[in-house]
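Novice: My structure is in target-v7.txt, and what it holds is compact mmCIF, C-alpha atoms:
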# COMPACT_ATOMS: atom_id res chain seq x y z
CA MET A 197 91.95 79.34 116.74
CA LYS A 198 91.86 81.20 120.03
CA LYS A 199 93.28 84.68 119.72
CA LEU A 200 95.58 86.12 122.35
CA LEU A 201 95.40 89.91 122.49
CA ILE A 202 98.61 91.68 123.41
CA SER A 203 98.32 95.47 123.50
CA GLY A 204 95.87 95.41 120.64
CA PHE A 205 97.90 92.86 118.63
CA MET A 206 97.47 89.14 118.22
CA ALA A 207 100.37 86.75 118.40
CA LEU A 208 100.28 83.47 116.54
CA ILE A 209 102.79 81.04 117.99
CA LEU A 210 104.21 78.32 115.77
CA THR A 211 106.99 75.85 116.50
CA VAL A 212 109.50 74.65 113.92
CA SER A 213 112.79 72.77 113.99
CA ALA A 214 116.04 74.48 113.06
CA TRP A 215 119.63 74.52 114.17
CA PRO A 216 120.44 76.89 117.04
CA ILE A 217 122.37 80.09 116.53
CA ALA A 218 125.57 80.46 118.51
CA ALA A 219 125.29 82.77 121.51
CA LEU A 220 127.18 86.03 121.20
CA ALA A 221 129.75 87.21 123.68
CA GLU A 222 129.12 90.76 124.89
CA ASP A 223 132.48 91.82 123.50
CA GLY A 224 134.85 89.63 121.57
CA GLY A 225 132.61 87.69 119.25
CA ALA A 226 130.65 84.48 119.00
CA ARG A 227 131.02 82.04 121.86
CA ASP A 228 130.92 78.36 120.88
CA ASN A 229 131.29 75.60 123.49
CA ALA A 230 132.71 78.08 126.03
CA GLU A 231 135.44 79.11 123.59
CA VAL A 232 135.72 82.78 122.69
CA LEU A 233 136.35 83.32 118.99
CA THR A 234 139.10 85.78 118.11
CA LEU A 235 139.04 87.53 114.73
CA ALA A 236 140.36 90.85 113.40
CA GLU A 237 143.02 90.95 116.11
CA ASN A 238 144.74 94.04 114.70
CA ALA A 239 141.59 96.06 114.05
CA ARG A 240 140.55 98.71 116.51
CA SER A 241 136.91 97.79 115.87
CA ALA A 242 135.19 95.06 113.85
CA ILE A 243 131.91 93.32 113.12
CA LEU A 244 130.75 90.39 110.99
CA ILE A 245 127.06 89.92 110.14
CA ASP A 246 124.79 87.93 107.88
CA ALA A 247 123.28 90.45 105.46
CA ASP A 248 119.97 88.63 105.02
CA THR A 249 118.96 88.33 108.68
CA GLY A 250 121.22 90.95 110.25
CA THR A 251 122.51 88.35 112.71
CA VAL A 252 125.79 89.36 114.34
CA ILE A 253 128.30 86.52 114.07
CA TYR A 254 131.26 88.35 115.58
CA GLU A 255 131.95 91.80 117.00
CA LYS A 256 134.78 93.63 118.66
CA HIS A 257 134.20 97.09 120.14
CA SER A 258 131.61 97.44 117.39
CA HIS A 259 129.92 100.55 118.82
CA GLU A 260 133.10 102.59 119.33
CA LYS A 261 132.81 105.94 117.55
CA LEU A 262 135.71 106.28 115.13
CA PRO A 263 136.62 108.26 112.01
CA PRO A 264 135.28 106.21 109.06
CA ALA A 265 137.40 107.79 106.30
CA SER A 266 136.03 106.96 102.83
CA ILE A 267 133.66 104.32 104.17
CA THR A 268 131.52 107.44 104.59
CA LYS A 269 130.75 107.02 100.89
CA ILE A 270 128.51 104.03 101.68
CA MET A 271 125.90 106.51 102.87
CA THR A 272 126.58 108.70 99.83
CA MET A 273 125.96 105.72 97.56
CA LEU A 274 122.88 104.69 99.56
CA LEU A 275 121.22 108.09 99.13
CA THR A 276 122.13 108.02 95.44
CA MET A 277 120.57 104.58 94.92
CA GLU A 278 117.46 105.63 96.85
CA ALA A 279 117.10 108.75 94.70
CA ILE A 280 117.33 106.57 91.57
CA ASP A 281 114.83 104.07 92.97
CA GLU A 282 112.36 106.86 93.78
CA GLY A 283 112.69 108.41 90.31
CA ARG A 284 114.32 111.63 91.52
CA LEU A 285 117.51 110.76 89.66
CA LYS A 286 118.46 108.70 86.62
CA LEU A 287 121.72 106.94 85.82
CA THR A 288 121.75 108.81 82.50
CA ASP A 289 121.36 112.25 84.14
CA LYS A 290 124.35 114.49 83.55
CA VAL A 291 125.94 116.28 86.50
CA THR A 292 127.93 119.48 86.02
CA THR A 293 131.03 119.72 88.19
CA SER A 294 131.13 122.75 90.47
CA GLU A 295 134.27 124.55 91.55
CA HIS A 296 133.74 123.18 95.05
CA ALA A 297 133.51 119.56 93.83
CA SER A 298 136.55 119.99 91.61
CA SER A 299 138.62 121.33 94.52
CA MET A 300 138.45 118.13 96.59
CA GLY A 301 141.82 116.64 97.45
CA GLY A 302 142.77 113.07 98.27
CA SER A 303 141.43 110.27 96.07
CA GLN A 304 139.73 111.72 93.01
CA ILE A 305 138.78 111.19 89.39
CA PHE A 306 140.08 114.69 88.54
CA LEU A 307 136.81 116.36 87.58
CA GLU A 308 137.31 119.74 85.97
CA VAL A 309 135.10 122.74 86.69
CA GLY A 310 132.13 122.65 84.33
CA GLU A 311 132.79 119.06 83.23
CA GLU A 312 129.66 116.98 82.71
CA MET A 313 129.53 113.34 83.77
CA THR A 314 126.61 110.94 84.08
CA VAL A 315 125.38 109.63 87.41
CA ASP A 316 126.41 106.18 86.19
CA ASP A 317 130.02 107.23 85.69
CA LEU A 318 130.12 109.20 88.94
CA LEU A 319 128.97 106.09 90.82
CA LYS A 320 131.87 104.21 89.24
CA GLY A 321 134.19 106.96 90.39
CA VAL A 322 132.88 106.77 93.96
CA ALA A 323 132.66 102.98 94.29
CA MET A 324 135.88 102.00 92.55
CA ALA A 325 138.27 104.95 92.81
CA SER A 326 136.81 106.46 96.00
CA GLY A 327 136.61 109.80 94.23
CA ASN A 328 136.07 112.62 96.70
CA ASP A 329 135.23 114.97 93.86
CA ALA A 330 132.69 112.52 92.42
CA SER A 331 131.05 112.19 95.85
CA VAL A 332 130.61 115.94 96.18
CA ALA A 333 129.27 116.23 92.63
CA LEU A 334 126.59 113.64 93.40
CA ALA A 335 125.86 115.27 96.75
CA GLU A 336 125.27 118.64 95.13
CA LYS A 337 123.02 117.08 92.48
CA ILE A 338 120.84 115.29 95.04
CA GLY A 339 120.91 117.72 97.97
CA GLY A 340 121.24 121.03 96.12
CA SER A 341 124.51 121.63 97.96
CA GLU A 342 126.94 119.51 99.91
CA GLN A 343 125.53 120.89 103.17
CA GLY A 344 122.01 120.03 102.05
CA PHE A 345 123.15 116.51 101.27
CA ILE A 346 124.93 116.15 104.64
CA LYS A 347 121.62 117.01 106.30
CA LEU A 348 120.00 114.19 104.32
CA MET A 349 122.80 111.83 105.38
CA ASN A 350 122.25 112.53 109.06
CA GLU A 351 118.48 112.27 108.73
CA ARG A 352 118.84 108.88 107.03
CA ALA A 353 121.22 107.72 109.74
CA GLN A 354 118.58 108.59 112.34
CA GLU A 355 115.88 106.77 110.37
CA LEU A 356 118.08 103.66 110.32
CA GLY A 357 118.62 103.92 114.09
CA LEU A 358 122.36 104.54 113.80
CA LYS A 359 123.26 105.97 117.20
CA ASP A 360 127.05 105.99 116.76
CA THR A 361 127.10 108.10 113.58
CA HIS A 362 127.32 111.76 112.65
CA PHE A 363 128.35 113.07 109.24
CA ALA A 364 130.10 116.36 108.54
CA ASN A 365 130.91 115.70 104.87
CA CYS A 366 129.99 113.21 102.13
CA ASN A 367 133.42 111.78 101.35
CA GLY A 368 135.19 111.08 104.64
CA LEU A 369 138.02 113.61 104.40
CA PRO A 370 139.25 114.48 107.93
CA VAL A 371 136.96 116.99 109.64
CA ALA A 372 135.65 117.59 113.15
CA ASP A 373 132.47 115.89 114.37
CA HIS A 374 132.54 113.20 111.68
CA TYR A 375 132.36 109.67 113.05
CA SER A 376 130.69 106.28 112.84
CA SER A 377 131.14 102.75 114.18
CA ALA A 378 131.66 99.28 112.75
CA HIS A 379 128.11 98.38 113.76
CA ASP A 380 126.54 101.40 112.08
CA ILE A 381 128.61 100.94 108.93
CA ALA A 382 127.43 97.32 108.73
CA MET A 383 123.82 98.49 109.00
CA MET A 384 124.36 101.11 106.26
CA SER A 385 126.00 98.46 104.10
CA ARG A 386 123.10 96.08 104.64
CA GLU A 387 120.68 98.80 103.53
CA LEU A 388 122.78 99.64 100.48
CA LEU A 389 122.90 95.98 99.42
CA LYS A 390 119.11 95.95 99.12
CA TYR A 391 119.78 97.65 95.78
CA GLU A 392 121.16 94.76 93.75
CA GLY A 393 122.54 97.09 91.10
CA ILE A 394 125.11 98.57 93.47
CA THR A 395 127.45 95.57 93.20
CA LYS A 396 127.80 96.31 89.48
CA TYR A 397 129.94 99.22 90.68
CA THR A 398 131.44 97.98 93.94
CA GLY A 399 132.24 94.52 92.54
CA SER A 400 134.05 95.62 89.37
CA TYR A 401 137.80 95.42 89.55
CA GLN A 402 138.59 97.75 86.66
CA ASP A 403 136.81 100.05 84.22
CA TYR A 404 137.26 103.34 82.39
CA LEU A 405 135.90 106.86 82.61
CA ARG A 406 136.00 109.22 79.60
CA LYS A 407 136.89 106.11 77.57
CA ASP A 408 136.21 107.69 74.17
CA SER A 409 137.71 111.05 75.05
CA PRO A 410 141.27 112.35 74.61
CA LYS A 411 141.77 111.85 78.38
CA PRO A 412 140.58 108.35 79.32
CA PHE A 413 140.82 107.56 83.04
CA TRP A 414 141.53 103.99 84.11
CA LEU A 415 139.70 102.88 87.25
CA VAL A 416 141.11 100.13 89.48
CA ASN A 417 139.07 99.16 92.51
CA THR A 418 140.71 100.11 95.79
CA ASN A 419 139.12 96.97 97.30
CA LYS A 420 141.39 94.17 96.09
CA LEU A 421 139.18 91.47 97.64
CA VAL A 422 136.79 91.77 94.69
CA ARG A 423 139.53 90.23 92.58
CA PHE A 424 141.25 87.91 95.00
CA TYR A 425 138.49 86.61 97.32
CA SER A 426 135.89 84.26 95.81
CA GLY A 427 132.41 85.78 96.10
CA ALA A 428 133.53 89.27 97.13
CA ASP A 429 131.74 92.10 95.33
CA GLY A 430 132.11 95.20 97.48
CA LEU A 431 131.83 97.47 99.26
CA LYS A 432 134.18 100.31 100.26
CA THR A 433 137.71 100.94 101.49
CA GLY A 434 138.92 103.89 103.51
CA TYR A 435 142.15 105.44 104.75
CA THR A 436 143.30 108.59 106.50
CA SER A 437 146.23 109.00 108.89
CA GLU A 438 143.70 109.34 111.72
CA ALA A 439 141.36 106.49 110.74
CA LYS A 440 144.12 104.12 109.53
CA PHE A 441 143.07 101.39 107.10
CA CYS A 442 139.35 100.59 107.03
CA LEU A 443 137.12 98.31 104.99
CA ALA A 444 133.44 97.49 104.71
CA ALA A 445 133.40 94.29 102.66
CA THR A 446 130.75 91.91 101.41
CA ALA A 447 130.89 88.45 99.86
CA LYS A 448 128.27 85.95 98.76
CA ARG A 449 128.48 82.17 98.47
CA ASP A 450 125.77 79.50 98.21
CA GLY A 451 123.04 82.08 98.70
CA MET A 452 124.52 83.51 101.91
CA ARG A 453 125.80 87.09 101.88
CA LEU A 454 128.13 88.34 104.61
CA ILE A 455 129.17 91.85 105.61
CA ALA A 456 132.45 92.46 107.45
CA VAL A 457 133.66 95.82 108.72
CA VAL A 458 137.10 96.56 110.18
CA LEU A 459 138.30 99.97 111.35
CA GLY A 460 141.77 101.09 112.36
CA GLU A 461 143.84 98.34 110.73
CA PRO A 462 147.62 98.97 110.51
CA ASN A 463 148.01 98.35 106.75
CA THR A 464 146.15 97.07 103.67
CA LYS A 465 147.70 93.59 103.79
CA THR A 466 146.56 92.99 107.37
CA ARG A 467 143.18 94.55 106.66
CA ASN A 468 142.49 92.29 103.69
CA SER A 469 143.86 89.21 105.43
CA GLU A 470 141.73 89.68 108.53
CA VAL A 471 138.55 90.35 106.57
CA SER A 472 139.23 87.25 104.46
CA ALA A 473 139.63 85.22 107.65
CA MET A 474 136.31 86.57 108.95
CA PHE A 475 134.60 85.47 105.74
CA ASP A 476 136.32 82.08 105.80
CA TYR A 477 135.10 81.45 109.33
CA ALA A 478 131.48 82.36 108.64
CA PHE A 479 131.21 80.50 105.33
CA SER A 480 132.68 77.35 106.86
CA GLN A 481 130.66 77.42 110.09
CA TYR A 482 127.24 78.87 109.21
CA ALA A 483 124.36 78.38 106.79
CA LEU A 484 120.92 79.89 106.19
CA GLN A 485 117.93 77.80 107.26
CA PRO A 486 114.75 78.76 105.34
CA ILE A 487 111.63 79.35 107.42
CA TYR A 488 109.30 80.43 104.60
CA LYS A 489 109.84 80.43 100.86
CA SER A 490 108.93 83.46 98.75
CA GLY A 491 105.17 83.58 98.19
CA GLU A 492 104.24 81.20 101.03
CA VAL A 493 101.28 82.26 103.16
CA ILE A 494 102.30 83.11 106.73
CA GLY A 495 98.95 84.23 108.13
CA LYS A 496 95.77 86.22 107.51
CA VAL A 497 94.29 89.47 108.80
CA LYS A 498 90.65 90.55 108.72
CA VAL A 499 89.95 93.67 106.65
CA GLN A 500 87.11 95.91 107.80
CA LYS A 501 84.86 97.23 105.03
CA GLY A 502 87.20 96.03 102.31
CA GLU A 503 86.40 94.54 98.90
CA ALA A 504 88.19 91.47 100.26
CA ALA A 505 87.24 90.37 103.77
CA GLN A 506 90.77 89.30 104.63
CA LEU A 507 94.35 89.89 103.62
CA GLU A 508 96.80 87.02 103.19
CA LEU A 509 100.26 87.78 104.53
CA THR A 510 102.86 86.16 102.31
CA ALA A 511 106.65 86.04 102.35
CA SER A 512 107.94 88.66 99.92
CA LYS A 513 111.24 86.77 99.80
CA THR A 514 112.70 83.63 101.32
CA MET A 515 112.80 84.15 105.09
CA SER A 516 115.68 82.40 106.81
CA VAL A 517 117.64 82.29 110.04
CA LEU A 518 121.39 81.88 110.35
CA VAL A 519 122.31 78.54 111.86
CA LYS A 520 125.48 76.82 113.00
CA LYS A 521 126.45 73.91 110.77
CA GLY A 522 126.33 70.54 112.48
CA SER A 523 124.47 71.72 115.58
CA LYS A 524 121.76 69.56 117.13
CA LEU A 525 118.16 70.40 116.24
CA GLU A 526 116.30 72.53 118.74
CA ASN A 527 112.91 74.20 118.77
CA ILE A 528 112.64 77.76 117.54
CA THR A 529 109.43 79.72 118.09
CA GLN A 530 107.80 81.86 115.43
CA LYS A 531 105.58 84.71 116.53
CA LEU A 532 103.34 86.46 114.02
CA VAL A 533 102.51 89.89 115.41
CA VAL A 534 99.80 91.67 113.42
CA PRO A 535 96.68 93.70 114.21
CA GLU A 536 93.57 91.59 114.81
CA LYS A 537 91.92 93.60 112.01
CA ILE A 538 92.74 96.51 109.73
CA ALA A 539 90.50 99.03 108.00
CA ALA A 540 90.21 99.39 104.23
CA PRO A 541 91.62 100.78 102.05
CA VAL A 542 94.90 98.88 102.26
CA LYS A 543 97.77 100.04 100.07
CA GLU A 544 100.09 97.66 98.28
CA GLY A 545 103.30 97.49 100.28
CA GLN A 546 101.64 98.82 103.45
CA LEU A 547 103.35 97.60 106.62
CA ILE A 548 100.97 95.25 108.42
CA GLY A 549 103.08 93.60 111.12
CA GLN A 550 106.13 91.47 111.80
CA LEU A 551 107.23 87.87 111.95
CA LEU A 552 109.58 87.27 114.89
CA ILE A 553 111.86 84.26 115.16
CA VAL A 554 112.57 83.62 118.84
CA GLN A 555 114.79 81.18 120.72
CA ASP A 556 114.93 80.99 124.52
CA GLY A 557 113.25 84.38 124.81
CA ARG A 558 115.77 86.02 122.48
CA THR A 559 114.69 87.38 119.10
CA LEU A 560 116.92 85.91 116.41
CA ALA A 561 115.38 87.65 113.40
CA GLU A 562 112.60 90.08 112.57
CA PHE A 563 110.80 90.28 109.22
CA ASP A 564 108.44 93.07 108.21
CA LEU A 565 105.18 91.87 106.68
CA ASN A 566 103.73 94.11 104.00
CA ALA A 567 100.50 93.89 102.01
CA ALA A 568 101.24 92.09 98.74
CA THR A 569 98.12 93.55 97.11
CA ALA A 570 95.93 96.59 97.57
CA ILE A 571 92.40 96.21 98.94
CA LYS A 572 89.90 98.95 98.11
CA LYS A 573 87.07 100.02 100.36
CA ALA A 574 83.94 97.96 99.63
CA GLY A 575 80.74 99.43 98.24
CA PHE A 576 77.34 99.25 99.95
CA TRP A 577 76.13 96.16 98.05
CA THR A 578 79.25 94.13 98.85
CA LEU A 579 78.96 95.00 102.52
CA PHE A 580 75.24 94.18 102.54
CA LYS A 581 75.81 90.73 101.01
CA ARG A 582 78.60 90.04 103.47
CA THR A 583 76.44 91.03 106.43
CA ALA A 584 73.54 88.91 105.19
CA SER A 585 75.84 85.93 104.74
CA HIS A 586 77.02 86.24 108.33
CA MET A 587 73.44 86.49 109.57
CA PHE A 588 72.02 83.45 107.79
CA PHE A 589 74.96 81.17 107.14
CA VAL A 590 76.85 80.98 110.38
CA ASP A 591 79.53 78.24 110.59
So that I can check it, write out the structure of this file as C-alpha cells.
Specialist:
Amino acid sequence: MKKLLISGFMALILTVSAWPIAALAEDGGARDNAEVLTLAENARSAILIDADTGTVIYEKHSHEKLPPASITKIMTMLLTMEAIDEGRLKLTDKVTTSEHASSMGGSQIFLEVGEEMTVDDLLKGVAMASGNDASVALAEKIGGSEQGFIKLMNERAQELGLKDTHFANCNGLPVADHYSSAHDIAMMSRELLKYEGITKYTGSYQDYLRKDSPKPFWLVNTNKLVRFYSGADGLKTGYTSEAKFCLAATAKRDGMRLIAVVLGEPNTKTRNSEVSAMFDYAFSQYALQPIYKSGEVIGKVKVQKGEAAQLELTASKTMSVLVKKGSKLENITQKLVVPEKIAAPVKEGQLIGQLLIVQDGRTLAEFDLNAATAIKKAGFWTLFKRTASHMFFVD
C-alpha cells in the first residue's frame, strides 16, 4: 500500500458505513432538521455527553466559569482513585483526622480529631454524604497537606486541558478564585469513570460508617437519581447559596454511558427533573455504533531493531461512535495516524498514535493507540538473519 507521509506520520484512510452524528449548535445544543433542541432550561449552564466517545450531545453556556460547589469533589475522588491505581494508596489504609479536617463546616461525616478511618470509608463519606471533612482528610493523606493537594488538583486540571477551572480547596466550600465550568466538570467526570470501582461509592443509595461502633453514622446519597432513575450510578451533587443547585450525573443503559452536568439550578426538584430529561432524550435518540471490537487489529507499524519486526495495533476496547437512531447511512472516514516506524525497545502501553473518526472534515472521535505488548531490542544474530532474509528473499 502506498504510504502518504504527513509531517513524519502516515495516514491510512479507510471508509466505513455508520449513521451520522447530529451537528451541534454553537450554543443551545444539538441541531436536528433545523430545530434547536432545548434542555435544562432553568440551569445557568449545562452539558450532556457520551462518556465513551466524549461526543457532546447538548450544551448551554458550557464554558462559563462558575462556582462548582461540592462538584469539586469529583477531582478529589479522581486523584484518590489515581493514587490507589498507582499503588500510592490502598483502600485499607487508615487516615488520621487532623484538627483542620475536623473543623470543616457544611456537609460532613463528623470526623473527630485523631479519629482513624479507612480510605474506603472516607470515599463513601465523600461520594455519598459529600463530607467536607472526609475530603480534607483524603487530601492531607495524598498531598501531605490540603494546599499540597490543591496544587495536585490544579496540575491535573492542566494535564486534562481544562481551561475553565481553578481550584482553591478540595471540597467546594465558598472561597475566592475557585471555579469551573459544565464542560470541564464533564471531562473530569469522564476521567473519573475510567475507574470502574468508583460507582460502587457514587451509585450506592445508602450505607453506614462506624457500623460496629457505639456511634454508627447512616449515609444517604445526596444524589437521589441513583435510586429513582434507571441506570443512574453517580456522580456528585453540589449546593452553596452562590452556586445554587448543581449536579454532575451519569447513567448507563444498553452499553451506553451518559454524563450530564447542570450548574445554577433553582432547586433540587428542578435539577433532578432536568437532568432526567437530558438522559431520556439521549437514550431515546442515540446509540453507539461499534467501529472496532476489543482485540481487533487496526494496523501495523514497523519496529526498527526490535525482536519483532512489526507491532500490531489492536483495539484495547470496543471503539464506537455515537450515532443518531434512524438516520440514513452515510460514509465516515477513519484515519490511522501513526509513525511510519518506531525504534525498539517498545514498552507495553506506550502511546503509538491515534485513530481518528472523521465526517465531512470534522473529527467525531479520537482513540489513542497503545502498544499491547512490549518489544525488546533485538540481538546481533536476529538482526543479521533479518538483513540476510531481505537481501536474498525479496518479495
Novice: Tell me, as a list of chain:residue names, which residues lie within 6 Å of range 546-559 of chain A, counting all atoms listed in the file; anything in the same chain fewer than 3 positions away does not count.
Specialist: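 Contacts, with the query itself left out: A:Ile528, A:Thr529, A:Gln530, A:Lys531, A:Leu532, A:Val533, A:Val534, A:Lys543, A:Glu562, A:Phe563, A:Asp564, A:Leu565, A:Asn566, A:Ala567.
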Novice: Name the residues in contact with Tyr425 in chain A at a cut-off of 12 Å, using all atoms listed in the file, excluding same-chain residues fewer than 6 positions from it; report them as a compact mmCIF listing (two decimals) with C-alpha atoms, in the coordinates of the input.
Specialist:
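What landed in result_38.txt:
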# COMPACT_ATOMS: atom_id res chain seq x y z
CA GLY A 399 132.24 94.52 92.54
CA TYR A 401 137.80 95.42 89.55
CA ASN A 419 139.12 96.97 97.30
CA ALA A 445 133.40 94.29 102.66
CA THR A 446 130.75 91.91 101.41
CA ALA A 447 130.89 88.45 99.86
CA LYS A 448 128.27 85.95 98.76
CA ARG A 449 128.48 82.17 98.47
CA ASN A 468 142.49 92.29 103.69
CA SER A 469 143.86 89.21 105.43
CA VAL A 471 138.55 90.35 106.57
CA SER A 472 139.23 87.25 104.46
CA ALA A 473 139.63 85.22 107.65
CA MET A 474 136.31 86.57 108.95
CA PHE A 475 134.60 85.47 105.74
CA ASP A 476 136.32 82.08 105.80
Novice: Excluding same-chain residues fewer than 5 positions from Asn367 in chain A, what lies within 8 Å of it counting only C-alpha atoms, as a ChimeraX atom specification?
Specialist: /A:265-269,272,328,331-332
Novice: Output as JSON lines one row per residue of range 351-466 of chain A within 12 Å of range 231-254 of chain A: the closest atom pair and its distance in Å to one decimal place, counting all atoms listed in the file, sorted by chain and residue number ascending.
Specialist:
{"residue": "A:Ser376", "atom": "CA", "partner": "A:Ser241", "partner_atom": "CA", "distance": 11.0}
{"residue": "A:Ser377", "atom": "CA", "partner": "A:Ser241", "partner_atom": "CA", "distance": 7.8}
{"residue": "A:Ala378", "atom": "CA", "partner": "A:Ala242", "partner_atom": "CA", "distance": 5.6}
{"residue": "A:His379", "atom": "CA", "partner": "A:Ile243", "partner_atom": "CA", "distance": 6.4}
{"residue": "A:Asp380", "atom": "CA", "partner": "A:Ile243", "partner_atom": "CA", "distance": 9.8}
{"residue": "A:Ile381", "atom": "CA", "partner": "A:Ile243", "partner_atom": "CA", "distance": 9.3}
{"residue": "A:Ala382", "atom": "CA", "partner": "A:Ile243", "partner_atom": "CA", "distance": 7.4}
{"residue": "A:Met383", "atom": "CA", "partner": "A:Gly250", "partner_atom": "CA", "distance": 8.1}
{"residue": "A:Met384", "atom": "CA", "partner": "A:Ala247", "partner_atom": "CA", "distance": 10.7}
{"residue": "A:Ser385", "atom": "CA", "partner": "A:Ala247", "partner_atom": "CA", "distance": 8.6}
{"residue": "A:Arg386", "atom": "CA", "partner": "A:Ala247", "partner_atom": "CA", "distance": 5.7}
{"residue": "A:Glu387", "atom": "CA", "partner": "A:Ala247", "partner_atom": "CA", "distance": 9.0}
{"residue": "A:Leu388", "atom": "CA", "partner": "A:Ala247", "partner_atom": "CA", "distance": 10.5}
{"residue": "A:Leu389", "atom": "CA", "partner": "A:Ala247", "partner_atom": "CA", "distance": 8.2}
{"residue": "A:Lys390", "atom": "CA", "partner": "A:Ala247", "partner_atom": "CA", "distance": 9.4}
{"residue": "A:Ala439", "atom": "CA", "partner": "A:Arg240", "partner_atom": "CA", "distance": 9.7}
{"residue": "A:Lys440", "atom": "CA", "partner": "A:Arg240", "partner_atom": "CA", "distance": 9.5}
{"residue": "A:Phe441", "atom": "CA", "partner": "A:Ala239", "partner_atom": "CA", "distance": 8.9}
{"residue": "A:Cys442", "atom": "CA", "partner": "A:Ala239", "partner_atom": "CA", "distance": 8.6}
{"residue": "A:Leu443", "atom": "CA", "partner": "A:Ala242", "partner_atom": "CA", "distance": 9.6}
{"residue": "A:Ala444", "atom": "CA", "partner": "A:Ile243", "partner_atom": "CA", "distance": 9.5}
{"residue": "A:Ala445", "atom": "CA", "partner": "A:Leu244", "partner_atom": "CA", "distance": 9.6}
{"residue": "A:Thr446", "atom": "CA", "partner": "A:Ala247", "partner_atom": "CA", "distance": 8.6}
{"residue": "A:Ala447", "atom": "CA", "partner": "A:Ala247", "partner_atom": "CA", "distance": 9.7}
{"residue": "A:Lys448", "atom": "CA", "partner": "A:Ala247", "partner_atom": "CA", "distance": 9.5}
{"residue": "A:Arg449", "atom": "CA", "partner": "A:Asp246", "partner_atom": "CA", "distance": 11.6}
{"residue": "A:Gly451", "atom": "CA", "partner": "A:Asp248", "partner_atom": "CA", "distance": 9.6}
{"residue": "A:Met452", "atom": "CA", "partner": "A:Asp246", "partner_atom": "CA", "distance": 7.4}
{"residue": "A:Arg453", "atom": "CA", "partner": "A:Ala247", "partner_atom": "CA", "distance": 5.5}
{"residue": "A:Leu454", "atom": "CA", "partner": "A:Asp246", "partner_atom": "CA", "distance": 4.7}
{"residue": "A:Ile455", "atom": "CA", "partner": "A:Ile245", "partner_atom": "CA", "distance": 5.4}
{"residue": "A:Ala456", "atom": "CA", "partner": "A:Leu244", "partner_atom": "CA", "distance": 4.4}
{"residue": "A:Val457", "atom": "CA", "partner": "A:Ile243", "partner_atom": "CA", "distance": 5.4}
{"residue": "A:Val458", "atom": "CA", "partner": "A:Ala242", "partner_atom": "CA", "distance": 4.4}
{"residue": "A:Leu459", "atom": "CA", "partner": "A:Ser241", "partner_atom": "CA", "distance": 5.2}
{"residue": "A:Gly460", "atom": "CA", "partner": "A:Arg240", "partner_atom": "CA", "distance": 4.9}
{"residue": "A:Glu461", "atom": "CA", "partner": "A:Ala239", "partner_atom": "CA", "distance": 4.6}
{"residue": "A:Pro462", "atom": "CA", "partner": "A:Asn238", "partner_atom": "CA", "distance": 7.1}
{"residue": "A:Asn463", "atom": "CA", "partner": "A:Asn238", "partner_atom": "CA", "distance": 9.6}
{"residue": "A:Thr464", "atom": "CA", "partner": "A:Ala239", "partner_atom": "CA", "distance": 11.4}
{"residue": "A:Lys465", "atom": "CA", "partner": "A:Asn238", "partner_atom": "CA", "distance": 11.3}
{"residue": "A:Thr466", "atom": "CA", "partner": "A:Asn238", "partner_atom": "CA", "distance": 7.6}
Novice: Using only C-alpha atoms, find the one residue out of A:Gln304, A:Ser299, A:Asn417, A:Thr510 that sits nearest to Met324 in chain A.
Specialist: A:Asn417
Novice: Mind working out the centre and edge lengths of an axis-aligned box for range 513-532 of chain A, all listed atoms inside, 3 Å added to each side, rounded to one decimal in Å and written as JSON?
Specialist:
{"center_x": 114.9, "center_y": 78.2, "center_z": 109.3, "size_x": 29.1, "size_y": 23.2, "size_z": 25.0}
